[in-house]
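A short write-up of the structure that comes next.
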Amino acid sequence: MNRIKPLILLMLAAATALSACSSNNSVKPAITPDRDVEAKVEKVLKGMTLKEKAGQMVQLTILTLEDDTHEAIDPAKLDRIIGEYKVGSILNVMHDAAHSREHTAAMVRQIQEKSMEVLGIPCIYGLDMIHGASYLIEGSLYPQEINLAATFNREYARLMGEAMAYETRAAQVPWVFSPVMDLGRDPRWPRMWESWGEDPYLQAEMARTETEALQGDDPNHIDLDHVAVSVKHYMGYGVPASGKDRTPAYIVDNDLREKFFRPFKECFQAGALTAMVNSASINGIPTHANKRLLTGWVKEDLDWDGMLVTDWADIDNLYQRDHVAADKREAVALGINAGIDMIMDPYDPECVNDIVALAESGAIPMARIDDAVRRVLRLKVRLGLFDHPIWDKEYPDFGCERFAKESYAAAVESEVLLKNEGILPLKGTERILVCGPNANTLRALNGGWSYRWQGSADEFAPQYNTILEALQKRFQRVNYVPGVEYDETPNMWQVDDKTGIFKAVAAALISDVVICCVGENSYCETPGNMDDLNLSENQKDLVKALSGTGKPIVLVLNEGRPRLIGDIEPLVDAVVDVMLPSNYGGDALAALLSGDENFSGKLPFTYSKHINALHTYDYKVSEHREVMEGSYNYDAVMDVQWPFGHGLSYTTFAYSGLTVDREAFKAGDILNVSVKVTNTGKRTGKEAVLLYSSDLVASLIPDVKRLRAFEKIELQPGETKTVTFALPANELAFVGADGKWRLEEGDFRLACGGLGAMVRCTQTKVWDTPNI
């Protein structure tokens with residue numbers, strides 16, 4: 001090691017040794033230990049050398065050889081990585097390209113056979129499956145998470161998780177780096193579309209549902225139809241101060257605990273077997289070196305025995321980018337002593353020798369090494385890899401029609417009607433002009449993590465319909481003039497060309513209605529960084545030019561984050577935000593615009609209007625002072641384009657009879673809240689019923705409101721249903737300035753569908769435990 005800070009490392013070593021030897025026996029383990037699993041882990045651990053232990057703590061990628069017909073793993077490189085370095089995990093070996101299930105399985109089989117031959121310990125292979133089996137050519141892709149959040153329907157998170165697990169296992173892959181559960185509370189962030197939106201409760205409900213669907217009912221015994229998850233990116237990754245990927249976040253501790261930690265906590269307690277760590281930093285501390293968050297909050301406070309893995313090359317970032325370590329070896333010590341169990345290096349196997357040297361010098365205590373290796377081995381035992389490192393099982397439902405129908409249904413429920421001045425649904429007889437850069441592209445409909453890292457659906461899945469193709473199949477009189485087109489040159493995703501605007505305007509003059517499809521081309525992570533959240537100038541110019549024709553315009557937004565359109569929204573007659581609805585998104589849109597299907601999606605984020613007024617729906621009451629009849633209006637919203645939870649339908653709904661079964665409550669009580677919802681229109685429709693709370697007076701400035709429950713219902717014309725929510729009183733607690741959870745005496749307002757009811761907490765409760 002070039003330089004070690006002796007005092008710091010000594011303190012880290014002592015603290016790590018203490019935490020590795022102790023467990024928080026005062027809390028229920030997040031995953032109930034299984035005696036047989038633990039016995040197998042200890043038996044394997046006892047027979048391992050230090051080099052073998054270090055190898056289990058490292059994950060590498062192996063770029064493949066290519067010939068004229070296929071890719072194959074380089075046998076010499078595989079021999080070196082497993083034979084010499086004893087590496088225990090491999091990821092993404094396939095040149096960032098989707099392959100067939102058979103070819104993927106063959107490559108994993110080759111890795112696994114070598115690992116069992118040399119080490120007698122199975123390798124664990126992981127893939128970034130984000131919205132379905134997105135790295136398998138014949139796999140089933142679902143709408144991205146931001147879309148599923150817009151359905152406000154937990155069932156779609158379950159269905160996607162089950163299909164993703166089944167098809168991934170069919171390719172001999174037992175581990176997925178999913179679900180993504182970073183709160184998308186800054187629309188500038190280029191990974192917002194990978195999240196479930198801005199609200200912690202919605203995020204927690206959907207992510208926990210997907211986690212349980214991916215892993216099955218028993219996290220100690222994952223069967224051959226399920227996979228291990230890696231919930232990510234723990235945590236605070238989605239609110240960088242700059243808005244740019246992998247840059248620092250600054251989050252007050254009470255928000256970190258109350259909002260950002262909640263989705264992860266619920267997934268850990270639901271049995272999530274692994275978690276991937278935030279690539280950036282929080283309050284000046286790189287998350288990969290943050291012992292308080294990695295070991296304290298998760299492993300100790302939750303008594304969680306799962307495994308923490310780094311993100312791509314993030315140990316290197318501790319010294320190359322963040323400058324909290326002098327060199328690679330010091331960075332390895334910082335990360336592992338903080339709680340990292342597996343290092344996704346991902347290229348340099350010498351990381352294994354660094355771990356060995358650090359253990360031999362005492363810079364990393366052997367207790368910490370053994371703890372990390374136990375967690376890696378425990379994962380492999382729970383997945384059954386020791387018994388079945390490869391498996392012979394038929395998967396007849398791979399790529400089946402049922403999965404396709406689920407994906408289509410999810411797309412239908414996720415696309416959001418934001419504005420409609422009577423133009424929709426279309427009659428079907430109109431002369432339709434389709435234009436805009438997003439009209440004829442599957443790449444944009446799917447977004448990133450679709451067959452390739454940056455997305456490449458047109459290359460791999462041309463059998464599906466673009467928006468244009470779907471409209472041409474549904475309507476008789478469709479003309480296409482793009483007007484503006486994307487530059488598909490590599491790394492030019494943000495560039496568009498407007499030389500065709502004149503032709504689009506000419507075509508609009510002989511049309512009855514214009515469907516203008518704008519937004520973003522696909523991107524992922526840092527390549528998606530931008531300096532201006534506004535929709536591109538060229539696309540805005542297209543809309544402005546088309547509006548000059550006087551023809552009605554349906555504006556379709558196909559984007560991974562809410563690009564600002566405040567200056568062109570008044571120029572159009574309808575707005576539909578399809579976000580990233582995947583391969584059946586075009587078909588879903590055509591059915592919705594025609595009226596064959598009804599809209600029911602609602603925004604899972606705030607759609608801002610102004611670049612200097614970006615905020616979330618749960619802002620502080622002191623940020624916006626709107627009064628109504630002398631009192632603060634808790635139903636008011638700031639000057640936004642559309643608020644969180646907004647979404648129109650072709651029918652109408654009326655809310656009535658909001659009741660709470662008790663006016664007074666205390667900690668531990670359950671408040672049963674009921675409301676009647678009636679379909680007052682002429683069409684069958686689905687409605688997401690959202691329940692909010694507002695704390696009227698608190699010892700910290702309260703949020704204006706918080707989502708506390710939701711339920712999706714379907715109503716026939718004239719039908720009324722009563723929706724009842726069982727709201728735990730503890731849900732109304734918050735984290736105070738002292739870092740403690742507290743439910744304070746005072747008045748609360750519960751709101752649903754524009755109705756309100758007052759309840760009162762009669763006794764203050766302050767918890768001494770970090771979680772409630």
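Letters A, B, ... go to the chains of the structure tokens in the order shown; residues in each chain start at 1; ligands are counted from 1 in the same order.
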Check your understanding: Would you give me, as a PyMOL selection string, the residues in stretch 492-532 of chain A that DSSP reads as alpha helix (DSSP H)?
Key -> chain A and resi 501-509
Write to file, as a short mmCIF file (atom, residue, chain, number, x, y, z; two decimals), in the first residue's frame, the residues of the selection just made, with N, CA, C and O atoms.
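again-v8.cif was written with the following content:
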```
data_model
loop_
_atom_site.label_atom_id
_atom_site.label_comp_id
_atom_site.auth_asym_id
_atom_site.auth_seq_id
_atom_site.Cartn_x
_atom_site.Cartn_y
_atom_site.Cartn_z
N ILE A 501 -39.34 20.31 -40.77
CA ILE A 501 -40.52 20.96 -40.20
C ILE A 501 -41.43 21.51 -41.29
O ILE A 501 -42.67 21.39 -41.20
N PHE A 502 -40.88 22.09 -42.31
CA PHE A 502 -41.70 22.67 -43.38
C PHE A 502 -42.60 21.59 -44.00
O PHE A 502 -43.78 21.82 -44.27
N LYS A 503 -42.03 20.41 -44.24
CA LYS A 503 -42.82 19.33 -44.83
C LYS A 503 -43.92 18.87 -43.88
O LYS A 503 -45.04 18.54 -44.32
N ALA A 504 -43.64 18.85 -42.59
CA ALA A 504 -44.65 18.44 -41.62
C ALA A 504 -45.80 19.44 -41.59
O ALA A 504 -46.98 19.05 -41.51
N VAL A 505 -45.48 20.71 -41.66
CA VAL A 505 -46.53 21.74 -41.67
C VAL A 505 -47.39 21.60 -42.91
O VAL A 505 -48.63 21.69 -42.86
N ALA A 506 -46.77 21.37 -44.05
CA ALA A 506 -47.54 21.19 -45.29
C ALA A 506 -48.48 19.99 -45.19
O ALA A 506 -49.63 20.05 -45.63
N ALA A 507 -47.99 18.92 -44.57
CA ALA A 507 -48.84 17.74 -44.41
C ALA A 507 -49.96 17.99 -43.42
O ALA A 507 -51.08 17.47 -43.58
N ALA A 508 -49.70 18.81 -42.40
CA ALA A 508 -50.74 19.12 -41.41
C ALA A 508 -51.89 19.88 -42.04
O ALA A 508 -53.06 19.70 -41.65
N LEU A 509 -51.60 20.72 -43.01
CA LEU A 509 -52.64 21.53 -43.65
C LEU A 509 -53.69 20.70 -44.36
O LEU A 509 -54.83 21.14 -44.54
#
```
Review point. Skipping near chain neighbours, those fewer than 4 positions away, what residues fall within 6 Å of A:Val518 using only C-alpha atoms, listed as a list in words?
Key: Gly436, Pro437, Asn438 and Leu557 of chain A
Output C-alpha atoms of each residue in that selection to a file, as a PDB file, in the first residue's frame.
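So again-v3.pdb came out as:
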```pdb
ATOM      1  CA  GLY A 436     -42.167  13.947 -34.334  1.00  0.00           C
ATOM      2  CA  PRO A 437     -38.891  12.111 -33.634  1.00  0.00           C
ATOM      3  CA  ASN A 438     -40.534   9.577 -31.303  1.00  0.00           C
ATOM      4  CA  LEU A 557     -44.691  12.614 -24.622  1.00  0.00           C
TER       5      LEU A 557
END
```
Check your understanding: Which polymer residues have any atom within 8 Å of an atom of stretch 347-356 of chain A, counting only C-alpha atoms, with same-chain residues fewer than 4 positions away left out, as a PyMOL selection string?
Key -> chain A and resi 50-51+54-55+57-58+60-62+81+85+87+329+332-333+360+364
Review point. Separation of atom CA of A:Ile611 and atom CA of A:Val704, in Å?
Key: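 Computing the Euclidean distance for atom CA of A:Ile611 and atom CA of A:Val704 yields 21.5 Å.
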Go through stretch 166-205 of chain A residue by residue and, counting only C-alpha atoms, keep those with an atom at most 8 Å from stretch 379-393 of chain A; for each kept residue give the shortest atom pair and its distance in Å to one decimal, ordered by chain and increasing number, as a tab-separated table.
```
residue	atom	partner	partner_atom	distance
A:Ala170	CA	A:Lys393	CA	7.9
A:Gln172	CA	A:Ile390	CA	6.6
A:Pro174	CA	A:Leu383	CA	7.2
```
Point to revise | For A:Tyr607: contacts at 10 Å, only C-alpha atoms, fewer than 6 positions along chain excluded, given as a ChimeraX atom specification | key: /A:187,561-565,614-617,640-644,646
Selected residues written out with C-alpha atoms, as an mmCIF file, in the first residue's frame:
```
data_model
loop_
_atom_site.group_PDB
_atom_site.id
_atom_site.type_symbol
_atom_site.label_atom_id
_atom_site.label_comp_id
_atom_site.auth_asym_id
_atom_site.auth_seq_id
_atom_site.Cartn_x
_atom_site.Cartn_y
_atom_site.Cartn_z
ATOM 1 C CA PRO A 187 -36.427 15.280 -12.726
ATOM 2 C CA ARG A 561 -38.291 12.206 -17.167
ATOM 3 C CA PRO A 562 -40.707 15.160 -17.357
ATOM 4 C CA ARG A 563 -39.160 17.536 -19.891
ATOM 5 C CA LEU A 564 -40.490 21.073 -19.541
ATOM 6 C CA ILE A 565 -43.161 22.063 -22.074
ATOM 7 C CA LEU A 614 -38.556 21.917 -9.374
ATOM 8 C CA HIS A 615 -40.065 20.289 -6.318
ATOM 9 C CA THR A 616 -42.052 17.297 -5.134
ATOM 10 C CA TYR A 617 -45.697 17.097 -4.061
ATOM 11 C CA VAL A 640 -46.747 23.116 -11.727
ATOM 12 C CA GLN A 641 -47.658 21.741 -15.127
ATOM 13 C CA TRP A 642 -49.461 18.774 -13.562
ATOM 14 C CA PRO A 643 -49.353 17.563 -9.943
ATOM 15 C CA PHE A 644 -48.412 14.152 -8.576
ATOM 16 C CA HIS A 646 -52.910 13.706 -11.903
#
```
